[in-house]
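Undergrad: My structure is in run.cif, and what it holds is mmCIF, C-alpha atoms:
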```cif
data_start
#
loop_
_atom_site.label_atom_id
_atom_site.label_comp_id
_atom_site.auth_asym_id
_atom_site.auth_seq_id
_atom_site.Cartn_x
_atom_site.Cartn_y
_atom_site.Cartn_z
CA MET A 1 22.66 16.49 -6.47
CA GLY A 2 21.11 19.84 -7.30
CA SER A 3 18.36 19.51 -9.89
CA THR A 4 19.16 15.89 -10.69
CA PHE A 5 16.26 14.75 -8.54
CA GLU A 6 12.78 16.18 -8.27
CA THR A 7 11.21 17.14 -4.96
CA SER A 8 10.17 14.01 -3.16
CA GLY A 9 7.31 14.69 -0.82
CA ARG A 10 7.20 13.15 2.63
CA TRP A 11 5.05 12.70 5.71
CA ALA A 12 6.07 14.41 8.95
CA LEU A 13 4.96 13.85 12.54
CA ASP A 14 4.69 17.10 14.47
CA ALA A 15 5.93 17.52 18.02
CA ALA A 16 2.46 17.22 19.55
CA GLN A 17 2.25 13.49 18.75
CA GLY A 18 -1.50 13.81 19.14
CA GLY A 19 -2.47 10.87 16.97
CA LEU A 20 -3.15 10.76 13.24
CA SER A 21 -3.98 14.48 13.26
CA SER A 22 -0.28 15.09 13.98
CA LEU A 23 0.72 13.57 10.64
CA HIS A 24 1.15 16.05 7.78
CA PHE A 25 2.14 15.57 4.15
CA ASP A 26 4.78 17.95 2.78
CA ALA A 27 4.55 17.71 -1.01
CA ALA A 28 7.50 20.04 -1.54
CA ALA A 29 9.97 18.21 0.67
CA ALA A 30 13.31 17.64 -1.02
CA PRO A 31 16.38 15.54 -0.13
CA PRO A 32 19.58 17.23 1.07
CA VAL A 33 21.81 18.83 -1.52
CA GLN A 34 24.74 16.60 -0.65
CA LEU A 35 24.99 13.16 0.92
CA GLY A 36 27.10 12.58 4.02
CA PRO A 37 30.01 10.15 3.54
CA ASP A 38 28.15 7.27 5.25
CA GLU A 39 24.75 7.98 3.73
CA VAL A 40 22.76 6.43 0.90
CA LEU A 41 20.03 8.06 -1.18
CA VAL A 42 17.15 5.68 -1.90
CA ARG A 43 14.15 6.11 -4.14
CA MET A 44 11.42 4.50 -2.04
CA HIS A 45 8.92 2.30 -3.87
CA ALA A 46 6.89 0.88 -0.98
CA ALA A 47 6.46 1.06 2.77
CA SER A 48 4.46 -0.98 5.26
CA LEU A 49 2.98 -0.05 8.63
CA ASN A 50 3.34 -1.55 12.08
CA TYR A 51 1.43 -1.13 15.31
CA ARG A 52 4.54 0.77 16.45
CA ASP A 53 3.77 3.49 13.91
CA LEU A 54 0.35 4.03 15.46
CA VAL A 55 1.61 4.33 19.01
CA ILE A 56 4.44 6.69 17.98
CA ALA A 57 1.88 8.98 16.35
CA LYS A 58 -0.01 8.97 19.66
CA GLY A 59 3.16 9.57 21.66
CA LYS A 60 2.76 6.67 24.05
CA SER A 61 1.92 2.99 24.43
CA SER A 62 -0.24 2.67 27.53
CA ALA A 63 1.80 4.55 30.16
CA ILE A 64 5.10 4.32 28.26
CA PRO A 65 6.15 7.62 26.62
CA LEU A 66 7.44 7.30 23.05
CA PRO A 67 9.03 10.65 22.20
CA ALA A 68 9.84 11.28 18.55
CA THR A 69 12.15 13.81 16.95
CA PRO A 70 9.93 16.79 15.99
CA ASN A 71 8.82 16.64 12.34
CA ILE A 72 10.40 13.23 11.87
CA THR A 73 9.57 11.24 8.75
CA PRO A 74 7.54 8.31 10.14
CA GLY A 75 7.68 4.67 9.13
CA SER A 76 10.41 2.10 9.63
CA ASP A 77 9.59 -0.44 6.93
CA GLY A 78 10.32 0.11 3.28
CA SER A 79 11.86 -1.03 0.05
CA GLY A 80 13.45 0.96 -2.73
CA THR A 81 16.32 1.39 -5.17
CA ILE A 82 19.62 3.10 -4.45
CA LEU A 83 20.24 6.29 -6.43
CA SER A 84 23.59 7.38 -4.99
CA VAL A 85 26.06 6.40 -2.29
CA GLY A 86 28.27 8.44 0.05
CA SER A 87 32.03 8.39 -0.35
CA SER A 88 32.74 6.28 2.77
CA VAL A 89 30.12 3.56 2.31
CA PRO A 90 32.09 0.26 2.20
CA SER A 91 31.86 -1.43 -1.18
CA SER A 92 31.73 -4.80 0.59
CA LEU A 93 28.16 -4.04 1.70
CA GLY A 94 26.87 -4.35 -1.86
CA LEU A 95 25.13 -0.97 -1.68
CA GLN A 96 25.60 0.37 -5.18
CA PRO A 97 23.38 2.53 -7.43
CA ASP A 98 20.45 0.55 -8.86
CA THR A 99 20.62 -2.02 -6.03
CA ARG A 100 17.23 -2.93 -4.55
CA VAL A 101 17.25 -2.60 -0.77
CA VAL A 102 15.09 -3.09 2.32
CA THR A 103 15.34 -0.88 5.39
CA HIS A 104 16.56 -2.09 8.79
CA LEU A 105 14.89 -0.29 11.70
CA ALA A 106 17.90 -0.20 14.04
CA PRO A 107 20.99 1.25 12.32
CA HIS A 108 24.47 1.86 13.78
CA LEU A 109 24.67 -1.60 15.39
CA ALA A 110 27.21 -4.37 14.88
CA ASP A 111 26.00 -7.08 12.51
CA ASP A 112 25.48 -9.61 15.31
CA PHE A 113 24.04 -7.21 17.93
CA LEU A 114 20.43 -7.80 18.99
CA PRO A 115 18.48 -4.54 19.29
CA GLY A 116 16.61 -3.82 22.50
CA PHE A 117 14.09 -1.15 23.46
CA ASP A 118 16.71 1.62 23.40
CA GLU A 119 17.61 0.85 19.81
CA ILE A 120 13.96 0.49 18.82
CA LEU A 121 13.09 3.87 20.37
CA SER A 122 15.94 5.58 18.52
CA GLY A 123 15.27 3.77 15.24
CA LEU A 124 13.72 4.66 11.91
CA GLY A 125 10.45 6.53 12.07
CA GLN A 126 10.85 7.74 15.64
CA GLN A 127 14.17 9.45 16.24
CA THR A 128 15.77 8.64 12.89
CA PRO A 129 14.10 9.66 9.58
CA GLY A 130 11.90 6.90 8.22
CA THR A 131 10.35 5.55 5.06
CA LEU A 132 7.15 7.48 4.31
CA CYS A 133 8.82 9.58 1.63
CA ARG A 134 9.72 9.37 -2.05
CA LEU A 135 13.42 9.99 -1.58
CA GLY A 136 15.01 8.81 1.65
CA VAL A 137 18.50 9.35 3.00
CA PHE A 138 19.70 6.57 5.31
CA HIS A 139 22.90 5.58 7.07
CA HIS A 140 24.30 2.60 5.19
CA SER A 141 23.69 0.33 8.22
CA ALA A 142 19.94 0.91 7.80
CA LEU A 143 19.87 -0.91 4.46
CA ILE A 144 19.95 -4.59 3.47
CA PRO A 145 20.41 -5.45 -0.23
CA LEU A 146 18.06 -7.88 -1.91
CA PRO A 147 19.62 -10.63 -4.07
CA ALA A 148 20.19 -9.37 -7.59
CA SER A 149 18.01 -12.15 -9.01
CA SER A 150 15.19 -11.65 -6.53
CA GLY A 151 11.77 -11.41 -8.12
CA MET A 152 10.16 -10.14 -4.93
CA SER A 153 8.06 -7.03 -5.44
CA HIS A 154 8.87 -3.87 -3.52
CA GLU A 155 5.48 -4.14 -1.81
CA ALA A 156 6.31 -7.61 -0.53
CA ALA A 157 9.88 -6.68 0.41
CA ALA A 158 8.62 -3.73 2.46
CA THR A 159 7.03 -6.21 4.91
CA LEU A 160 10.38 -7.73 5.92
CA THR A 161 11.80 -4.93 8.08
CA CYS A 162 9.87 -5.63 11.29
CA SER A 163 7.34 -8.42 10.83
CA GLY A 164 9.57 -10.62 8.71
CA LEU A 165 12.67 -10.19 10.84
CA THR A 166 10.78 -10.66 14.10
CA ALA A 167 9.21 -13.87 12.82
CA TRP A 168 12.59 -15.08 11.56
CA ASN A 169 14.23 -14.45 14.95
CA ALA A 170 11.34 -16.19 16.71
CA LEU A 171 11.73 -19.38 14.69
CA MET A 172 15.34 -19.33 13.50
CA GLY A 173 17.19 -17.04 15.92
CA MET A 174 17.89 -19.46 18.76
CA ARG A 175 20.95 -21.48 17.80
CA GLY A 176 20.33 -25.20 17.94
CA ARG A 177 16.56 -24.70 18.20
CA GLU A 178 15.78 -23.48 14.71
CA VAL A 179 12.46 -24.73 13.36
CA ARG A 180 12.77 -27.90 11.29
CA ALA A 181 10.63 -30.27 9.27
CA SER A 182 9.56 -32.47 12.20
CA ASP A 183 8.41 -29.53 14.35
CA TRP A 184 4.93 -28.27 15.15
CA VAL A 185 4.48 -24.51 15.26
CA LEU A 186 1.61 -22.46 16.69
CA VAL A 187 1.00 -18.94 15.35
CA GLN A 188 -1.63 -16.52 16.58
CA GLY A 189 -3.90 -14.40 14.42
CA THR A 190 -3.37 -12.91 10.97
CA GLY A 191 -1.10 -9.94 11.63
CA GLY A 192 2.23 -9.41 9.90
CA VAL A 193 4.46 -11.35 12.31
CA SER A 194 2.11 -14.31 12.48
CA ILE A 195 1.72 -14.59 8.72
CA ALA A 196 5.47 -14.28 8.19
CA ALA A 197 6.07 -16.96 10.84
CA LEU A 198 3.53 -19.22 9.14
CA GLN A 199 5.28 -18.82 5.79
CA ILE A 200 8.73 -19.43 7.28
CA ALA A 201 7.59 -22.51 9.19
CA VAL A 202 5.80 -23.98 6.17
CA ALA A 203 8.87 -23.39 3.99
CA ALA A 204 10.99 -25.19 6.60
CA GLY A 205 8.63 -28.18 6.40
CA ALA A 206 7.02 -27.77 9.83
CA THR A 207 3.38 -28.48 10.67
CA VAL A 208 1.58 -25.23 11.48
CA ILE A 209 -1.44 -24.61 13.70
CA ALA A 210 -2.90 -21.12 13.36
CA THR A 211 -5.57 -19.26 15.31
CA THR A 212 -8.10 -16.69 14.13
CA SER A 213 -11.58 -15.43 14.98
CA SER A 214 -12.80 -15.40 11.36
CA ASP A 215 -13.87 -18.28 9.14
CA ALA A 216 -12.90 -16.27 6.06
CA LYS A 217 -9.43 -15.69 7.44
CA ALA A 218 -9.24 -19.37 8.37
CA ASP A 219 -9.57 -20.27 4.70
CA ARG A 220 -6.75 -17.89 3.84
CA LEU A 221 -4.54 -19.36 6.57
CA ARG A 222 -5.10 -22.83 5.13
CA SER A 223 -4.28 -21.57 1.64
CA LEU A 224 -0.94 -20.36 3.00
CA GLY A 225 -0.12 -23.79 4.38
CA ALA A 226 -1.58 -23.93 7.88
CA GLN A 227 -2.61 -27.56 8.39
CA TYR A 228 -4.93 -26.73 11.28
CA VAL A 229 -6.85 -23.57 12.18
CA LEU A 230 -8.52 -22.92 15.54
CA ASN A 231 -11.12 -20.23 16.16
CA TYR A 232 -10.15 -18.63 19.45
CA LYS A 233 -13.58 -17.01 19.80
CA THR A 234 -15.48 -20.29 19.74
CA GLN A 235 -12.68 -22.36 21.31
CA SER A 236 -11.48 -20.45 24.36
CA ASP A 237 -9.22 -23.37 25.29
CA TRP A 238 -7.36 -23.17 21.98
CA GLY A 239 -4.04 -23.89 23.66
CA ALA A 240 -5.20 -27.27 24.91
CA LYS A 241 -6.85 -27.97 21.54
CA ALA A 242 -3.57 -27.25 19.76
CA LYS A 243 -1.76 -29.65 22.06
CA GLU A 244 -4.31 -32.39 21.33
CA LEU A 245 -3.56 -32.09 17.61
CA THR A 246 0.14 -32.94 18.05
CA PRO A 247 1.44 -36.52 17.89
CA GLY A 248 0.51 -38.26 21.13
CA GLY A 249 -0.74 -34.95 22.48
CA ARG A 250 2.83 -34.01 23.40
CA GLY A 251 2.43 -30.32 22.56
CA VAL A 252 3.86 -27.94 19.98
CA ASP A 253 7.57 -27.25 19.62
CA HIS A 254 7.33 -23.50 18.97
CA VAL A 255 4.76 -20.89 19.89
CA VAL A 256 5.03 -17.40 18.39
CA ASP A 257 3.07 -15.37 20.95
CA ILE A 258 1.92 -11.96 19.73
CA GLY A 259 -0.53 -11.11 22.49
CA GLY A 260 1.61 -11.10 25.61
CA ALA A 261 -0.06 -11.46 29.00
CA PRO A 262 -3.60 -12.27 27.71
CA THR A 263 -2.44 -15.06 25.37
CA LEU A 264 0.44 -16.57 27.34
CA PRO A 265 -1.76 -18.87 29.47
CA GLN A 266 -2.98 -20.59 26.30
CA SER A 267 0.55 -20.67 24.85
CA LEU A 268 1.64 -22.51 27.99
CA GLU A 269 -1.21 -24.98 27.53
CA ALA A 270 -0.04 -25.69 23.98
CA ILE A 271 3.74 -26.01 24.49
CA ARG A 272 5.47 -29.34 24.86
CA ARG A 273 8.07 -30.09 27.49
CA ASP A 274 11.28 -28.24 26.52
CA GLY A 275 9.41 -26.36 23.81
CA VAL A 276 10.05 -22.70 23.03
CA ILE A 277 7.56 -19.87 23.55
CA THR A 278 8.77 -16.69 21.88
CA VAL A 279 7.01 -13.53 23.00
CA VAL A 280 7.10 -11.00 20.16
CA GLY A 281 4.36 -8.55 21.11
CA MET A 282 1.79 -7.38 23.61
CA ILE A 283 -1.23 -6.53 21.50
CA GLY A 284 -3.66 -8.92 23.17
CA ASP A 285 -6.97 -7.81 24.63
CA SER A 286 -6.00 -6.21 27.94
CA THR A 287 -9.62 -6.39 29.16
CA THR A 288 -9.49 -10.16 29.47
CA ASN A 289 -9.96 -11.66 32.92
CA GLU A 290 -7.06 -14.05 32.39
CA ILE A 291 -4.41 -13.85 35.11
CA PRO A 292 -1.09 -13.43 33.31
CA PRO A 293 1.47 -16.12 34.13
CA ASP A 294 4.63 -15.26 35.99
CA VAL A 295 8.16 -16.29 35.11
CA MET A 296 7.88 -19.40 37.31
CA SER A 297 5.51 -20.84 34.72
CA ALA A 298 8.55 -21.82 32.67
CA LEU A 299 9.67 -24.00 35.58
CA TYR A 300 6.28 -25.60 36.05
CA ARG A 301 5.97 -26.38 32.33
CA ILE A 302 9.66 -27.06 31.70
CA CYS A 303 9.83 -24.80 28.68
CA VAL A 304 11.83 -21.90 27.31
CA PHE A 305 10.54 -18.30 27.33
CA ARG A 306 12.17 -15.90 24.87
CA GLY A 307 11.56 -12.23 24.35
CA VAL A 308 12.26 -10.98 20.83
CA LEU A 309 12.50 -7.47 19.37
CA LEU A 310 13.43 -7.62 15.69
CA GLY A 311 16.77 -9.32 15.08
CA THR A 312 20.36 -8.68 14.05
CA ARG A 313 21.60 -7.51 10.65
CA ASN A 314 23.08 -10.98 10.13
CA MET A 315 19.68 -12.52 10.83
CA PHE A 316 18.16 -10.09 8.34
CA LYS A 317 20.63 -11.17 5.66
CA ASP A 318 19.95 -14.86 6.38
CA MET A 319 16.19 -14.25 6.23
CA VAL A 320 16.38 -12.44 2.89
CA GLN A 321 18.43 -15.31 1.44
CA PHE A 322 15.99 -17.90 2.84
CA PHE A 323 13.00 -16.12 1.32
CA HIS A 324 14.88 -15.97 -1.99
CA ASP A 325 15.97 -19.63 -1.93
CA LYS A 326 12.54 -20.91 -0.88
CA LYS A 327 10.75 -18.55 -3.28
CA ILE A 328 8.57 -17.18 -0.49
CA ASP A 329 6.36 -14.28 -1.54
CA PRO A 330 5.48 -12.28 1.61
CA VAL A 331 1.76 -11.69 2.00
CA VAL A 332 0.36 -8.16 1.83
CA ASP A 333 -3.11 -6.83 2.57
CA ASP A 334 -5.78 -6.85 -0.15
CA ILE A 335 -5.95 -3.04 -0.18
CA THR A 336 -2.90 -0.87 -0.82
CA PHE A 337 -2.58 2.88 -0.54
CA GLN A 338 -0.66 5.64 -2.28
CA LEU A 339 1.82 7.78 -0.33
CA GLU A 340 -0.52 10.77 -0.20
CA ASP A 341 -3.24 8.54 1.31
CA ALA A 342 -1.11 7.21 4.18
CA ILE A 343 -3.63 8.38 6.79
CA LYS A 344 -6.16 5.92 5.35
CA ALA A 345 -3.54 3.19 5.69
CA TYR A 346 -3.03 4.10 9.35
CA GLU A 347 -6.80 4.00 9.88
CA ARG A 348 -7.10 0.54 8.32
CA LEU A 349 -4.38 -0.73 10.64
CA GLU A 350 -5.94 0.92 13.67
CA LYS A 351 -9.32 -0.69 12.94
CA GLN A 352 -7.63 -4.07 12.40
CA GLN A 353 -9.33 -4.48 9.04
CA HIS A 354 -6.18 -5.78 7.36
CA PHE A 355 -4.73 -9.22 6.65
CA SER A 356 -0.96 -9.51 7.22
CA LYS A 357 0.62 -6.15 6.32
CA VAL A 358 -0.82 -2.76 5.35
CA VAL A 359 1.28 -1.52 2.43
CA ILE A 360 1.74 1.94 0.94
CA LYS A 361 2.90 2.19 -2.67
CA ILE A 362 5.22 5.08 -3.44
CA ALA A 363 4.91 6.02 -7.09
#
```
Represent the structure from my file as structure tokens, please.
TA:
Amino acid sequence: MGSTFETSGRWALDAAQGGLSSLHFDAAAAPPVQLGPDEVLVRMHAASLNYRDLVIAKGKSSAIPLPATPNITPGSDGSGTILSVGSSVPSSLGLQPDTRVVTHLAPHLADDFLPGFDEILSGLGQQTPGTLCRLGVFHHSALIPLPASSGMSHEAAATLTCSGLTAWNALMGMRGREVRASDWVLVQGTGGVSIAALQIAVAAGATVIATTSSDAKADRLRSLGAQYVLNYKTQSDWGAKAKELTPGGRGVDHVVDIGGAPTLPQSLEAIRRDGVITVVGMIGDSTTNEIPPDVMSALYRICVFRGVLLGTRNMFKDMVQFFHDKKIDPVVDDITFQLEDAIKAYERLEKQQHFSKVVIKIA
């Protein structure tokens, strides 16, 4: 490549993993001189942040260590345009110069293989170079092409990597139990997964109940298609309230649970018999006095518990096509940041000041 491309600039996380102070911007960083045979050079146009990015910077989530490769480029989520392709990248993948692509956090997996914690820990932004850079080099399995006719912005596309795919797996990943028009779906809060799940469910024709603690956010949830919004601060029994809203009080068909132990008791109150509760996170308030349910709760309620971490490459492809066909425009936060200001983006996420996804534009 030589002088064909200018220096890119990138963020790096030092070995201390001492929080945001361990993140440093290297304005002179440049891509490698030559691509490996299975690699793809991408000009990044946008990235988005996840709670995972915060805990990696800190080096642990609660008592769980999260070691990162020293000086790794952080960030797993991003969208860009291919500049060049290694000699062994299969042409059948559709990864050609000028193709718009989205990153997949867990590369090197078969197309139908579900990633687990091992693959997440070794993925983009932790042990594999990530997306907070202007020029990124990725293994071809870390990239999903967008449809050629897609009008989705790079900022919107950058939200699909984790939040979009997790929401898709939650609602569409269980064969025979995919969300459909007659279903009722409960989503929690206004983070990236919940907003993506709301948009997917609405596009599928389902009736959506959403929760929030903010009247202003409630209006936004309704504008996105939520038919009912419950304030979990003023209605502590929001699970039972959600169940009352369903036909005959039978309960909701799908719950996308983002809180884990603190929110599962209410999810169980909301679910119908033989409904599906998909646990996608554990970001709930750990100071709550709620006693977390045990696995036997599924027997007492006659329901299905699923644990979901991202999804397969095939799910990713299906999701991208669904968003294209249904003309879904993923929601991003009101405030966006430039690459050099990524620390401010991390801070906004940490303070939970955002709506849906915090996005970083990469000029």
Undergrad: Report the closest atom pair, with its distance in Å rounded to one decimal, for each residue of region 145-180 of chain A that has an atom no farther than 8 Å from region 192-204 of chain A; count only C-alpha atoms, sort by chain and then rising residue number, and write it as JSON lines.
TA:
```
{"residue": "A:Thr159", "atom": "CA", "partner": "A:Gly192", "partner_atom": "CA", "distance": 7.6}
{"residue": "A:Cys162", "atom": "CA", "partner": "A:Val193", "partner_atom": "CA", "distance": 7.9}
{"residue": "A:Ser163", "atom": "CA", "partner": "A:Val193", "partner_atom": "CA", "distance": 4.4}
{"residue": "A:Gly164", "atom": "CA", "partner": "A:Ala196", "partner_atom": "CA", "distance": 5.5}
{"residue": "A:Thr166", "atom": "CA", "partner": "A:Val193", "partner_atom": "CA", "distance": 6.6}
{"residue": "A:Ala167", "atom": "CA", "partner": "A:Ala197", "partner_atom": "CA", "distance": 4.8}
{"residue": "A:Trp168", "atom": "CA", "partner": "A:Ala197", "partner_atom": "CA", "distance": 6.8}
{"residue": "A:Ala170", "atom": "CA", "partner": "A:Ala197", "partner_atom": "CA", "distance": 7.9}
{"residue": "A:Leu171", "atom": "CA", "partner": "A:Ala197", "partner_atom": "CA", "distance": 7.3}
{"residue": "A:Val179", "atom": "CA", "partner": "A:Ala201", "partner_atom": "CA", "distance": 6.8}
{"residue": "A:Arg180", "atom": "CA", "partner": "A:Ala204", "partner_atom": "CA", "distance": 5.7}
```
Undergrad: Distance CA of Asp112 (chain A)-CA of Arg313 (chain A), one decimal place?
TA: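 Calculated distance between CA of Asp112 (chain A) and CA of Arg313 (chain A) is 6.4 Å.
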Undergrad: Would you translate the PyMOL selection byres ((chain A and resi 115-125) around 6) into the concrete set of residues it matches in this file, as a PDB file with C-alpha atoms, keeping the file's coordinate frame?
TA:
```
ATOM      1  CA  THR A  73       9.570  11.240   8.750  1.00  0.00           C
ATOM      2  CA  PRO A  74       7.540   8.310  10.140  1.00  0.00           C
ATOM      3  CA  GLY A  75       7.680   4.670   9.130  1.00  0.00           C
ATOM      4  CA  SER A  76      10.410   2.100   9.630  1.00  0.00           C
ATOM      5  CA  LEU A 105      14.890  -0.290  11.700  1.00  0.00           C
ATOM      6  CA  ALA A 106      17.900  -0.200  14.040  1.00  0.00           C
ATOM      7  CA  LEU A 114      20.430  -7.800  18.990  1.00  0.00           C
ATOM      8  CA  GLN A 126      10.850   7.740  15.640  1.00  0.00           C
ATOM      9  CA  GLN A 127      14.170   9.450  16.240  1.00  0.00           C
ATOM     10  CA  THR A 128      15.770   8.640  12.890  1.00  0.00           C
ATOM     11  CA  PRO A 129      14.100   9.660   9.580  1.00  0.00           C
ATOM     12  CA  GLY A 130      11.900   6.900   8.220  1.00  0.00           C
TER      13      GLY A 130
END
```
Undergrad: Apply the PyMOL selection byres ((chain A and resi 93) around 12) to the structure shown and report the selected residues as a compact mmCIF listing (two decimals) with C-alpha atoms, in the frame of the given file.
TA:
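Output below, filename result.txt:
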```txt
# COMPACT_ATOMS: atom_id res chain seq x y z
CA ASP A 38 28.15 7.27 5.25
CA VAL A 40 22.76 6.43 0.90
CA VAL A 85 26.06 6.40 -2.29
CA SER A 88 32.74 6.28 2.77
CA VAL A 89 30.12 3.56 2.31
CA PRO A 90 32.09 0.26 2.20
CA SER A 91 31.86 -1.43 -1.18
CA SER A 92 31.73 -4.80 0.59
CA GLY A 94 26.87 -4.35 -1.86
CA LEU A 95 25.13 -0.97 -1.68
CA GLN A 96 25.60 0.37 -5.18
CA THR A 99 20.62 -2.02 -6.03
CA VAL A 101 17.25 -2.60 -0.77
CA ASP A 111 26.00 -7.08 12.51
CA HIS A 140 24.30 2.60 5.19
CA SER A 141 23.69 0.33 8.22
CA ALA A 142 19.94 0.91 7.80
CA LEU A 143 19.87 -0.91 4.46
CA ILE A 144 19.95 -4.59 3.47
CA PRO A 145 20.41 -5.45 -0.23
CA LEU A 146 18.06 -7.88 -1.91
CA ARG A 313 21.60 -7.51 10.65
CA LYS A 317 20.63 -11.17 5.66
```
Undergrad: Report the distance between CA of Arg250 (chain A) and CA of Ser214 (chain A) in Å, rounded to one decimal place.
TA: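 Rounded to one decimal, the two atoms are 27.1 Å apart.
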Undergrad: Choose the residue, out of A:Gln227, A:Thr81, A:Thr263, A:Thr190, that has the smallest atom-to-atom separation from Val358 (chain A); count all atoms listed in the file.
TA: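 Comparing A:Gln227, A:Thr81, A:Thr263, A:Thr190 against Val358 (chain A), the winner is A:Thr190.
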Undergrad: The PyMOL selection byres ((chain A and resi 43-46) around 8) - which residues does that actually catch in the file I just gave you? List them as an NGL selection string.
TA: :A and (41-42 or 47-48 or 78-83 or 131 or 133-136 or 154-155 or 158 or 359-363)
Undergrad: Let me make sure I understand: among A:Val208, A:Leu132, A:Leu54, A:Ala218, which one has the smallest atom-to-atom distance to Arg10 (chain A) if we use all atoms listed in the file?
TA: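 Of the candidates, the smallest distance to Arg10 (chain A) is held by A:Leu132.
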Undergrad: Which residue gives the smallest distance to Ala210 (chain A) among A:Ala270, A:Ile72, A:Glu178, A:Gly173, with only C-alpha atoms counted?
TA: A:Ala270
Undergrad: For Tyr51 (chain A), find every residue with an atom within 12 Å (counting all atoms listed in the file), except residues of its own chain fewer than 2 positions away, and show them as a PyMOL selection string.
TA: chain A and resi 48-49+53-58+60-61+75-77+162-163+191-193+258+281-283+345-352+354+356-358
